[in-house]
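Q: Input my_file.json, format and content: JSON, C-alpha atoms and all ligand atoms.
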```
[["chain", "number", "residue", "atom", "x", "y", "z"],
["A", 1, "MET", "CA", -9.97, 50.35, 272.34],
["A", 2, "ILE", "CA", -6.28, 51.20, 272.30],
["A", 3, "LEU", "CA", -4.69, 48.32, 270.43],
["A", 4, "PRO", "CA", -1.02, 47.49, 269.82],
["A", 5, "VAL", "CA", -0.60, 45.19, 266.81],
["A", 6, "ALA", "CA", 2.68, 43.41, 266.02],
["A", 7, "ASN", "CA", 4.17, 43.06, 262.52],
["A", 8, "VAL", "CA", 1.86, 45.35, 260.58],
["A", 9, "LEU", "CA", 4.91, 45.92, 258.39],
["A", 10, "THR", "CA", 7.47, 43.18, 257.75],
["A", 11, "GLN", "CA", 11.07, 43.80, 258.82],
["A", 12, "GLU", "CA", 12.01, 44.00, 255.15],
["A", 13, "GLU", "CA", 9.39, 46.70, 254.54],
["A", 14, "VAL", "CA", 10.60, 48.62, 257.58],
["A", 15, "ALA", "CA", 14.20, 48.50, 256.34],
["A", 16, "VAL", "CA", 13.25, 49.71, 252.85],
["A", 17, "MET", "CA", 11.03, 52.47, 254.26],
["A", 18, "ALA", "CA", 13.69, 53.65, 256.70],
["A", 19, "GLY", "CA", 16.21, 53.78, 253.83],
["A", 20, "ARG", "CA", 13.90, 55.85, 251.65],
["A", 21, "LEU", "CA", 13.13, 58.18, 254.56],
["A", 22, "GLU", "CA", 16.83, 58.65, 255.21],
["A", 23, "ALA", "CA", 17.20, 60.01, 251.69],
["A", 24, "GLY", "CA", 13.96, 62.04, 251.90],
["A", 25, "ARG", "CA", 13.42, 65.77, 252.28],
["A", 26, "PHE", "CA", 11.86, 66.79, 255.59],
["A", 27, "GLN", "CA", 10.12, 69.94, 256.81],
["A", 28, "PRO", "CA", 9.14, 71.17, 260.29],
["A", 29, "GLY", "CA", 6.17, 69.21, 261.62],
["A", 30, "THR", "CA", 4.32, 72.43, 262.41],
["A", 31, "ALA", "CA", 3.34, 72.61, 258.71],
["A", 32, "THR", "CA", 0.81, 69.80, 259.14],
["A", 33, "ALA", "CA", -0.63, 70.46, 262.63],
["A", 34, "GLY", "CA", -3.84, 72.27, 263.53],
["A", 35, "TRP", "CA", -3.41, 75.69, 265.16],
["A", 36, "HIS", "CA", -3.39, 74.41, 268.75],
["A", 37, "ALA", "CA", -1.39, 71.20, 268.13],
["A", 38, "ARG", "CA", 1.20, 73.39, 266.36],
["A", 39, "LEU", "CA", 1.99, 75.02, 269.71],
["A", 40, "VAL", "CA", 3.30, 71.72, 271.10],
["A", 41, "LYS", "CA", 4.68, 69.96, 268.02],
["A", 42, "ASP", "CA", 8.44, 69.73, 267.67],
["A", 43, "ASN", "CA", 9.41, 67.16, 265.04],
["A", 44, "GLU", "CA", 9.98, 66.91, 261.29],
["A", 45, "GLN", "CA", 8.01, 65.33, 258.51],
["A", 46, "LEU", "CA", 8.70, 64.01, 255.06],
["A", 47, "ARG", "CA", 7.50, 66.63, 252.61],
["A", 48, "ALA", "CA", 4.34, 65.57, 250.80],
["A", 49, "ASP", "CA", 6.01, 66.52, 247.48],
["A", 50, "ASP", "CA", 8.99, 64.22, 248.13],
["A", 51, "PRO", "CA", 9.18, 61.61, 245.34],
["A", 52, "ALA", "CA", 9.00, 58.77, 247.93],
["A", 53, "HIS", "CA", 5.88, 60.03, 249.68],
["A", 54, "ALA", "CA", 3.14, 58.57, 247.46],
["A", 55, "ASP", "CA", 4.80, 55.14, 247.41],
["A", 56, "LEU", "CA", 5.33, 55.03, 251.15],
["A", 57, "ARG", "CA", 1.78, 56.17, 251.76],
["A", 58, "ALA", "CA", 0.41, 53.39, 249.53],
["A", 59, "GLN", "CA", 2.55, 50.84, 251.37],
["A", 60, "VAL", "CA", 1.25, 51.94, 254.77],
["A", 61, "GLU", "CA", -2.38, 51.84, 253.64],
["A", 62, "ALA", "CA", -1.93, 48.39, 252.07],
["A", 63, "ALA", "CA", -0.22, 47.05, 255.21],
["A", 64, "VAL", "CA", -3.08, 48.18, 257.48],
["A", 65, "CYS", "CA", -5.73, 46.75, 255.15],
["A", 66, "ARG", "CA", -4.06, 43.36, 254.70],
["A", 67, "HIS", "CA", -3.30, 42.77, 258.40],
["A", 68, "PRO", "CA", -6.21, 40.73, 259.77],
["A", 69, "VAL", "CA", -6.14, 42.22, 263.28],
["A", 70, "ALA", "CA", -5.47, 45.82, 262.24],
["A", 71, "ALA", "CA", -8.19, 45.66, 259.57],
["A", 72, "MET", "CA", -10.70, 44.07, 261.94],
["A", 73, "ALA", "CA", -10.03, 46.68, 264.63],
["A", 74, "THR", "CA", -10.27, 49.68, 262.31],
["A", 75, "ARG", "CA", -12.58, 48.70, 259.41],
["A", 76, "PRO", "CA", -11.06, 51.29, 257.05],
["A", 77, "LYS", "CA", -13.33, 53.04, 254.60],
["A", 78, "ARG", "CA", -10.85, 55.71, 253.61],
["A", 79, "PHE", "CA", -7.46, 57.00, 254.75],
["A", 80, "GLY", "CA", -6.71, 60.59, 255.68],
["A", 81, "PRO", "CA", -3.16, 61.94, 255.55],
["A", 82, "ILE", "CA", -0.20, 59.67, 256.27],
["A", 83, "LEU", "CA", 2.70, 61.55, 257.86],
["A", 84, "PHE", "CA", 6.24, 60.24, 258.08],
["A", 85, "SER", "CA", 7.71, 61.85, 261.18],
["A", 86, "ARG", "CA", 11.26, 62.07, 262.43],
["A", 87, "THR", "CA", 11.98, 63.16, 265.98],
["A", 88, "THR", "CA", 15.49, 63.75, 267.37],
["A", 89, "GLY", "CA", 17.41, 65.98, 269.78],
["A", 90, "GLY", "CA", 14.81, 66.44, 272.52],
["A", 91, "GLY", "CA", 11.95, 66.84, 270.03],
["A", 92, "GLN", "CA", 8.49, 65.85, 271.17],
["A", 93, "TYR", "CA", 4.82, 66.33, 270.48],
["A", 94, "GLY", "CA", 2.91, 67.63, 273.48],
["A", 95, "SER", "CA", -0.58, 66.74, 274.57],
["A", 96, "HIS", "CA", -3.21, 67.23, 271.85],
["A", 97, "VAL", "CA", -6.25, 65.73, 270.20],
["A", 98, "ASP", "CA", -6.15, 65.17, 266.44],
["A", 99, "ASP", "CA", -8.35, 67.30, 264.20],
["A", 100, "ALA", "CA", -11.77, 65.76, 263.52],
["A", 101, "LEU", "CA", -11.36, 66.34, 259.77],
["A", 102, "MET", "CA", -8.01, 65.91, 258.07],
["A", 103, "GLY", "CA", -7.72, 66.47, 254.34],
["A", 104, "GLY", "CA", -11.52, 66.36, 254.18],
["A", 105, "VAL", "CA", -11.62, 62.93, 255.85],
["A", 106, "ARG", "CA", -13.33, 62.36, 259.20],
["A", 107, "THR", "CA", -10.81, 60.86, 261.59],
["A", 108, "ASP", "CA", -12.18, 57.90, 263.55],
["A", 109, "VAL", "CA", -8.99, 55.95, 264.21],
["A", 110, "SER", "CA", -5.48, 57.37, 264.63],
["A", 111, "PHE", "CA", -2.45, 55.14, 264.30],
["A", 112, "THR", "CA", 1.30, 55.11, 264.54],
["A", 113, "LEU", "CA", 3.46, 52.52, 262.79],
["A", 114, "PHE", "CA", 6.84, 52.40, 264.51],
["A", 115, "LEU", "CA", 9.78, 52.34, 262.07],
["A", 116, "SER", "CA", 12.79, 52.53, 264.45],
["A", 117, "ASP", "CA", 14.21, 49.83, 266.68],
["A", 118, "PRO", "CA", 13.10, 50.90, 270.21],
["A", 119, "ASP", "CA", 16.66, 50.35, 271.51],
["A", 120, "SER", "CA", 18.02, 52.88, 269.02],
["A", 121, "TYR", "CA", 16.43, 55.92, 270.72],
["A", 122, "GLU", "CA", 15.60, 57.09, 274.22],
["A", 123, "GLY", "CA", 12.20, 58.45, 275.20],
["A", 124, "GLY", "CA", 9.69, 58.89, 272.41],
["A", 125, "GLU", "CA", 6.87, 56.89, 273.99],
["A", 126, "LEU", "CA", 3.46, 57.52, 272.46],
["A", 127, "VAL", "CA", 1.42, 58.26, 275.57],
["A", 128, "MET", "CA", -2.36, 57.78, 275.68],
["A", 129, "GLU", "CA", -4.00, 60.10, 278.20],
["A", 130, "THR", "CA", -7.19, 58.36, 279.28],
["A", 131, "THR", "CA", -9.55, 58.93, 282.18],
["A", 132, "ALA", "CA", -8.12, 55.73, 283.70],
["A", 133, "GLY", "CA", -4.58, 57.19, 283.61],
["A", 134, "GLU", "CA", -1.71, 57.28, 281.17],
["A", 135, "ALA", "CA", -0.24, 54.46, 279.13],
["A", 136, "GLY", "CA", 2.99, 54.82, 277.15],
["A", 137, "PHE", "CA", 3.83, 52.73, 274.07],
["A", 138, "LYS", "CA", 7.21, 52.23, 272.47],
["A", 139, "LEU", "CA", 6.66, 49.35, 270.11],
["A", 140, "PRO", "CA", 9.06, 47.23, 268.04],
["A", 141, "ALA", "CA", 9.74, 48.37, 264.48],
["A", 142, "GLY", "CA", 6.90, 47.21, 262.23],
["A", 143, "ALA", "CA", 4.28, 47.26, 265.01],
["A", 144, "GLY", "CA", 1.38, 49.70, 265.11],
["A", 145, "LEU", "CA", -0.69, 51.38, 267.79],
["A", 146, "PHE", "CA", -4.35, 51.98, 266.80],
["A", 147, "TYR", "CA", -6.51, 54.24, 268.98],
["A", 148, "PRO", "CA", -9.73, 56.26, 268.77],
["A", 149, "SER", "CA", -9.02, 59.72, 267.35],
["A", 150, "THR", "CA", -11.07, 61.08, 270.25],
["A", 151, "THR", "CA", -8.15, 60.34, 272.63],
["A", 152, "LEU", "CA", -5.78, 62.95, 274.07],
["A", 153, "HIS", "CA", -2.21, 61.81, 273.45],
["A", 154, "ARG", "CA", 1.40, 63.00, 273.24],
["A", 155, "VAL", "CA", 4.87, 61.87, 272.22],
["A", 156, "ALA", "CA", 7.46, 62.04, 275.02],
["A", 157, "PRO", "CA", 10.74, 63.88, 274.28],
["A", 158, "VAL", "CA", 13.28, 61.87, 272.27],
["A", 159, "THR", "CA", 16.39, 62.44, 274.37],
["A", 160, "ALA", "CA", 18.81, 60.35, 272.25],
["A", 161, "GLY", "CA", 18.76, 58.73, 268.83],
["A", 162, "CYS", "CA", 16.10, 59.11, 266.18],
["A", 163, "ARG", "CA", 12.44, 58.07, 266.26],
["A", 164, "LEU", "CA", 10.90, 57.41, 262.84],
["A", 165, "VAL", "CA", 7.18, 56.65, 262.54],
["A", 166, "ALA", "CA", 4.34, 56.71, 260.07],
["A", 167, "ALA", "CA", 1.31, 58.41, 261.62],
["A", 168, "GLY", "CA", -2.04, 58.06, 259.91],
["A", 169, "TRP", "CA", -5.79, 58.50, 260.17],
["A", 170, "ILE", "CA", -8.65, 56.28, 259.15],
["A", 171, "ARG", "CA", -12.25, 57.00, 258.42],
["A", 172, "SER", "CA", -13.89, 53.77, 259.55],
["A", 173, "PHE", "CA", -17.00, 52.11, 258.19],
["A", 174, "VAL", "CA", -18.03, 52.10, 261.87],
["A", 175, "ARG", "CA", -17.78, 55.57, 263.41],
["A", 176, "ASP", "CA", -18.36, 54.72, 267.06],
["A", 177, "PRO", "CA", -15.37, 53.27, 269.00],
["A", 178, "GLY", "CA", -17.63, 51.22, 271.28],
["A", 179, "GLU", "CA", -19.36, 49.62, 268.29],
["A", 180, "ARG", "CA", -16.02, 48.90, 266.62],
["A", 181, "GLU", "CA", -14.78, 47.22, 269.79],
["A", 182, "LEU", "CA", -17.93, 45.11, 270.08],
["A", 183, "LEU", "CA", -17.54, 43.92, 266.48],
["A", 184, "PHE", "CA", -13.85, 43.22, 267.07],
["A", 185, "ASP", "CA", -14.59, 41.12, 270.17],
["A", 186, "LEU", "CA", -17.42, 39.24, 268.51],
["A", 187, "ASP", "CA", -15.34, 38.45, 265.44],
["A", 188, "THR", "CA", -12.37, 37.39, 267.58],
["A", 189, "ALA", "CA", -14.59, 35.00, 269.58],
["A", 190, "ARG", "CA", -16.24, 33.70, 266.39],
["A", 191, "GLN", "CA", -12.87, 32.93, 264.80],
["A", 192, "GLY", "CA", -11.72, 31.18, 268.00],
["A", 193, "ILE", "CA", -14.81, 28.97, 267.91],
["A", 194, "PHE", "CA", -14.17, 28.20, 264.25],
["A", 195, "ARG", "CA", -10.58, 27.20, 264.97],
["A", 196, "ARG", "CA", -11.65, 24.99, 267.88],
["A", 197, "ASP", "CA", -14.83, 23.38, 266.56],
["A", 198, "GLY", "CA", -15.11, 24.20, 262.85],
["A", 199, "LYS", "CA", -18.22, 25.54, 261.14],
["A", 200, "THR", "CA", -20.78, 24.61, 263.76],
["A", 201, "ALA", "CA", -24.33, 25.89, 264.20],
["A", 202, "GLU", "CA", -22.99, 28.22, 266.95],
["A", 203, "PHE", "CA", -20.42, 29.61, 264.55],
["A", 204, "ASP", "CA", -23.16, 30.27, 262.00],
["A", 205, "LEU", "CA", -25.27, 32.11, 264.59],
["A", 206, "LEU", "CA", -22.32, 34.27, 265.65],
["A", 207, "SER", "CA", -21.58, 35.00, 261.98],
["A", 208, "LYS", "CA", -25.20, 36.04, 261.50],
["A", 209, "CYS", "CA", -25.03, 38.37, 264.53],
["A", 210, "LEU", "CA", -21.77, 39.89, 263.30],
["A", 211, "SER", "CA", -23.05, 40.49, 259.77],
["A", 212, "ASN", "CA", -26.30, 41.96, 260.99],
["A", 213, "LEU", "CA", -24.57, 44.28, 263.47],
["A", 214, "VAL", "CA", -22.25, 45.50, 260.68],
["A", 215, "ARG", "CA", -25.37, 46.10, 258.54],
["A", 216, "ARG", "CA", -26.84, 48.13, 261.38],
["A", 217, "TRP", "CA", -23.78, 50.23, 262.15],
["A", 218, "ALA", "CA", -21.75, 50.56, 258.97],
["A", 219, "GLU", "CA", -21.91, 53.72, 256.88],
["A", 220, "ASP", "CA", -21.11, 52.65, 253.34],
["B", 1, "LIG", "O1", 4.34, 60.31, 266.42],
["B", 1, "LIG", "C1", 3.38, 59.70, 266.85],
["B", 1, "LIG", "O2", 3.45, 58.54, 267.30],
["B", 1, "LIG", "C2", 2.02, 60.36, 266.90],
["B", 1, "LIG", "C3", 1.97, 61.61, 266.12],
["B", 1, "LIG", "C4", 0.72, 62.39, 266.38],
["B", 1, "LIG", "O3", 0.13, 62.33, 267.43],
["B", 1, "LIG", "C5", 0.19, 63.25, 265.32],
["B", 1, "LIG", "O4", 0.86, 63.41, 264.27],
["B", 1, "LIG", "O5", -0.92, 63.80, 265.49],
["B", 2, "FE", "FE", -1.78, 63.17, 267.23]]
```
Before we go any further, please render this structure as structure tokens.

A:
Amino acid sequence: MILPVANVLTQEEVAVMAGRLEAGRFQPGTATAGWHARLVKDNEQLRADDPAHADLRAQVEAAVCRHPVAAMATRPKRFGPILFSRTTGGGQYGSHVDDALMGGVRTDVSFTLFLSDPDSYEGGELVMETTAGEAGFKLPAGAGLFYPSTTLHRVAPVTAGCRLVAAGWIRSFVRDPGERELLFDLDTARQGIFRRDGKTAEFDLLSKCLSNLVRRWAED
């Protein structure tokens, strides 16, 4: 499931983050890419030892966990690295797959939180390369794209302006993307039934199925 989610960060949070990134110290993005991704990575990242980094990281993690749709789609157990990337002047990130382990954390879900107004830069789509074809995403500031870390993807060249994002990785309680999607669909349907009819016997049965599937599939 490749899932765009609106308003993971509030506009206020985006503005504060962008301000802190503007004052931050950046380094070439090649420092944090695996050996093959490094060949195609042309952007910059906030240095992990920048005073703002720990705070910004905590804010991103909290935002993903508190957002009902993002949390339901990803079921975070632990976060891997969170990178704050800046791409300008034709920079891009060519086709790659993310490392399976990052900072000792298995990567099940990759995500990008968009921090720049899409009208403020040209290009810079995050392109998913699937067997069904390609899909490019350039989401409003504050929105996130969540996708299985098993997916080939790239960032198109930024031909004008500046693209700021937070890119992160999640180890999920549910490793398999198909199982995560099934739980997401079931929970979405269950909540719809609750909103329409209240806590009916059907709602209780769907809740039982959901809980028991999580028990089957979750690694705690
Ligand atoms: O900048 C993005 O949207 C994605 C970055 C990415 O693919 C990565 O850091 O591995
Ligand atoms: Fe990536």

Q: May I have the residues within 7 Å of ligand FE 2 (chain B), computed using all atoms listed in the file, as a PyMOL selection string?

A: chain A and resi 96-98+153-154

Q: Could you state the separation of atom CA of Leu46 of chain A and atom C3 of ligand LIG 1 (chain B) in Å, given to one decimal place?

A: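 Interatomic distance, atom CA of Leu46 of chain A to atom C3 of ligand LIG 1 (chain B): 13.2 Å.
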
Q: For segment 124-146 of chain A against segment 164-176 of chain A, with a cut-off of 10 Å and counting only C-alpha atoms, what is the closest atom pair and its distance in Å to one decimal for every residue that makes the cut, ordered by chain and number, as a Markdown table?

A:
```
| residue | atom | partner | partner_atom | distance |
| --- | --- | --- | --- | --- |
| A:Gly124 | CA | A:Leu164 | CA | 9.8 |
| A:Ala141 | CA | A:Val165 | CA | 8.9 |
| A:Gly142 | CA | A:Val165 | CA | 9.4 |
| A:Gly144 | CA | A:Ala166 | CA | 9.1 |
| A:Leu145 | CA | A:Ala167 | CA | 9.6 |
| A:Phe146 | CA | A:Trp169 | CA | 9.4 |
```

Q: Can you tell me which residues come within 10 Å of ligand LIG 1 (chain B) when counting only C-alpha atoms and all ligand atoms, ideally as an mmCIF file with C-alpha atoms, in the frame of the given file?

A:
```cif
data_model
loop_
_atom_site.group_PDB
_atom_site.id
_atom_site.type_symbol
_atom_site.label_atom_id
_atom_site.label_comp_id
_atom_site.auth_asym_id
_atom_site.auth_seq_id
_atom_site.Cartn_x
_atom_site.Cartn_y
_atom_site.Cartn_z
ATOM 1 C CA GLY A 29 6.170 69.210 261.620
ATOM 2 C CA THR A 30 4.320 72.430 262.410
ATOM 3 C CA THR A 32 0.810 69.800 259.140
ATOM 4 C CA ALA A 33 -0.630 70.460 262.630
ATOM 5 C CA GLY A 34 -3.840 72.270 263.530
ATOM 6 C CA ALA A 37 -1.390 71.200 268.130
ATOM 7 C CA ARG A 38 1.200 73.390 266.360
ATOM 8 C CA LYS A 41 4.680 69.960 268.020
ATOM 9 C CA ASN A 43 9.410 67.160 265.040
ATOM 10 C CA GLN A 45 8.010 65.330 258.510
ATOM 11 C CA PRO A 81 -3.160 61.940 255.550
ATOM 12 C CA ILE A 82 -0.200 59.670 256.270
ATOM 13 C CA LEU A 83 2.700 61.550 257.860
ATOM 14 C CA PHE A 84 6.240 60.240 258.080
ATOM 15 C CA SER A 85 7.710 61.850 261.180
ATOM 16 C CA ARG A 86 11.260 62.070 262.430
ATOM 17 C CA THR A 87 11.980 63.160 265.980
ATOM 18 C CA GLN A 92 8.490 65.850 271.170
ATOM 19 C CA TYR A 93 4.820 66.330 270.480
ATOM 20 C CA GLY A 94 2.910 67.630 273.480
ATOM 21 C CA SER A 95 -0.580 66.740 274.570
ATOM 22 C CA HIS A 96 -3.210 67.230 271.850
ATOM 23 C CA VAL A 97 -6.250 65.730 270.200
ATOM 24 C CA ASP A 98 -6.150 65.170 266.440
ATOM 25 C CA ASP A 99 -8.350 67.300 264.200
ATOM 26 C CA SER A 110 -5.480 57.370 264.630
ATOM 27 C CA PHE A 111 -2.450 55.140 264.300
ATOM 28 C CA THR A 112 1.300 55.110 264.540
ATOM 29 C CA LEU A 113 3.460 52.520 262.790
ATOM 30 C CA PHE A 114 6.840 52.400 264.510
ATOM 31 C CA GLY A 124 9.690 58.890 272.410
ATOM 32 C CA GLU A 125 6.870 56.890 273.990
ATOM 33 C CA LEU A 126 3.460 57.520 272.460
ATOM 34 C CA VAL A 127 1.420 58.260 275.570
ATOM 35 C CA MET A 128 -2.360 57.780 275.680
ATOM 36 C CA PHE A 137 3.830 52.730 274.070
ATOM 37 C CA LYS A 138 7.210 52.230 272.470
ATOM 38 C CA GLY A 144 1.380 49.700 265.110
ATOM 39 C CA LEU A 145 -0.690 51.380 267.790
ATOM 40 C CA SER A 149 -9.020 59.720 267.350
ATOM 41 C CA THR A 151 -8.150 60.340 272.630
ATOM 42 C CA LEU A 152 -5.780 62.950 274.070
ATOM 43 C CA HIS A 153 -2.210 61.810 273.450
ATOM 44 C CA ARG A 154 1.400 63.000 273.240
ATOM 45 C CA VAL A 155 4.870 61.870 272.220
ATOM 46 C CA ALA A 156 7.460 62.040 275.020
ATOM 47 C CA ARG A 163 12.440 58.070 266.260
ATOM 48 C CA LEU A 164 10.900 57.410 262.840
ATOM 49 C CA VAL A 165 7.180 56.650 262.540
ATOM 50 C CA ALA A 166 4.340 56.710 260.070
ATOM 51 C CA ALA A 167 1.310 58.410 261.620
ATOM 52 C CA GLY A 168 -2.040 58.060 259.910
ATOM 53 C CA TRP A 169 -5.790 58.500 260.170
#
```

Q: To one decimal in Å, tell me the separation between atom CA of Leu186 of chain A and atom CA of Ser207 of chain A.

A: 8.8 Å

Q: (-11.8, 56.1, 266.5) in this file's frame - what residues fall within 6 Å of it? Use only C-alpha atoms and give the answer as a PDB file with C-alpha atoms, in the coordinates of the input.

A:
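Final file, out.pdb:
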```pdb
ATOM      1  CA  ASP A 108     -12.180  57.900 263.550  1.00  0.00           C
ATOM      2  CA  VAL A 109      -8.990  55.950 264.210  1.00  0.00           C
ATOM      3  CA  PRO A 148      -9.730  56.260 268.770  1.00  0.00           C
ATOM      4  CA  SER A 149      -9.020  59.720 267.350  1.00  0.00           C
ATOM      5  CA  PRO A 177     -15.370  53.270 269.000  1.00  0.00           C
TER       6      PRO A 177
END
```

Q: Box for segment 176-187 of chain A: with edges along x, y and z, all listed atoms inside and 8 Å added on each side, what are the centre and edge lengths in Å to one decimal, as lines of an AutoDock Vina configuration file?

A:
```
center_x = -16.6
center_y = 46.6
center_z = 268.4
size_x = 21.5
size_y = 32.3
size_z = 21.8
```

Q: Using the atoms already present, construct N, CA and C atoms for segment 15-29 of chain A and hand them back as a PDB file, keeping the file's coordinate frame.

A:
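The result, stored in selection.pdb:
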```pdb
ATOM      1  N   ALA A  15      12.842  48.136 256.749  1.00  0.00           N
ATOM      2  CA  ALA A  15      14.200  48.500 256.340  1.00  0.00           C
ATOM      3  C   ALA A  15      14.167  49.348 255.064  1.00  0.00           C
ATOM      4  N   VAL A  16      13.333  48.950 254.107  1.00  0.00           N
ATOM      5  CA  VAL A  16      13.250  49.710 252.850  1.00  0.00           C
ATOM      6  C   VAL A  16      12.681  51.106 253.115  1.00  0.00           C
ATOM      7  N   MET A  17      11.636  51.161 253.949  1.00  0.00           N
ATOM      8  CA  MET A  17      11.030  52.470 254.260  1.00  0.00           C
ATOM      9  C   MET A  17      12.017  53.393 254.954  1.00  0.00           C
ATOM     10  N   ALA A  18      12.728  52.828 255.945  1.00  0.00           N
ATOM     11  CA  ALA A  18      13.690  53.650 256.700  1.00  0.00           C
ATOM     12  C   ALA A  18      14.758  54.187 255.747  1.00  0.00           C
ATOM     13  N   GLY A  19      15.197  53.349 254.801  1.00  0.00           N
ATOM     14  CA  GLY A  19      16.210  53.780 253.830  1.00  0.00           C
ATOM     15  C   GLY A  19      15.689  54.920 252.965  1.00  0.00           C
ATOM     16  N   ARG A  20      14.458  54.790 252.521  1.00  0.00           N
ATOM     17  CA  ARG A  20      13.900  55.850 251.650  1.00  0.00           C
ATOM     18  C   ARG A  20      13.678  57.132 252.452  1.00  0.00           C
ATOM     19  N   LEU A  21      13.329  56.978 253.734  1.00  0.00           N
ATOM     20  CA  LEU A  21      13.130  58.180 254.560  1.00  0.00           C
ATOM     21  C   LEU A  21      14.465  58.874 254.817  1.00  0.00           C
ATOM     22  N   GLU A  22      15.511  58.059 254.962  1.00  0.00           N
ATOM     23  CA  GLU A  22      16.830  58.650 255.210  1.00  0.00           C
ATOM     24  C   GLU A  22      17.228  59.578 254.074  1.00  0.00           C
ATOM     25  N   ALA A  23      16.843  59.193 252.853  1.00  0.00           N
ATOM     26  CA  ALA A  23      17.200  60.010 251.690  1.00  0.00           C
ATOM     27  C   ALA A  23      16.150  61.093 251.417  1.00  0.00           C
ATOM     28  N   GLY A  24      15.074  61.130 252.193  1.00  0.00           N
ATOM     29  CA  GLY A  24      13.960  62.040 251.900  1.00  0.00           C
ATOM     30  C   GLY A  24      14.208  63.473 252.361  1.00  0.00           C
ATOM     31  N   ARG A  25      13.334  64.351 251.883  1.00  0.00           N
ATOM     32  CA  ARG A  25      13.420  65.770 252.280  1.00  0.00           C
ATOM     33  C   ARG A  25      12.345  66.036 253.333  1.00  0.00           C
ATOM     34  N   PHE A  26      12.771  66.564 254.467  1.00  0.00           N
ATOM     35  CA  PHE A  26      11.860  66.790 255.590  1.00  0.00           C
ATOM     36  C   PHE A  26      11.586  68.272 255.794  1.00  0.00           C
ATOM     37  N   GLN A  27      10.469  68.554 256.467  1.00  0.00           N
ATOM     38  CA  GLN A  27      10.120  69.940 256.810  1.00  0.00           C
ATOM     39  C   GLN A  27       9.649  69.944 258.265  1.00  0.00           C
ATOM     40  N   PRO A  28       9.613  71.127 258.901  1.00  0.00           N
ATOM     41  CA  PRO A  28       9.140  71.170 260.290  1.00  0.00           C
ATOM     42  C   PRO A  28       7.714  70.639 260.400  1.00  0.00           C
ATOM     43  N   GLY A  29       7.471  69.842 261.446  1.00  0.00           N
ATOM     44  CA  GLY A  29       6.170  69.210 261.620  1.00  0.00           C
ATOM     45  C   GLY A  29       5.029  70.196 261.818  1.00  0.00           C
TER      46      GLY A  29
END
```
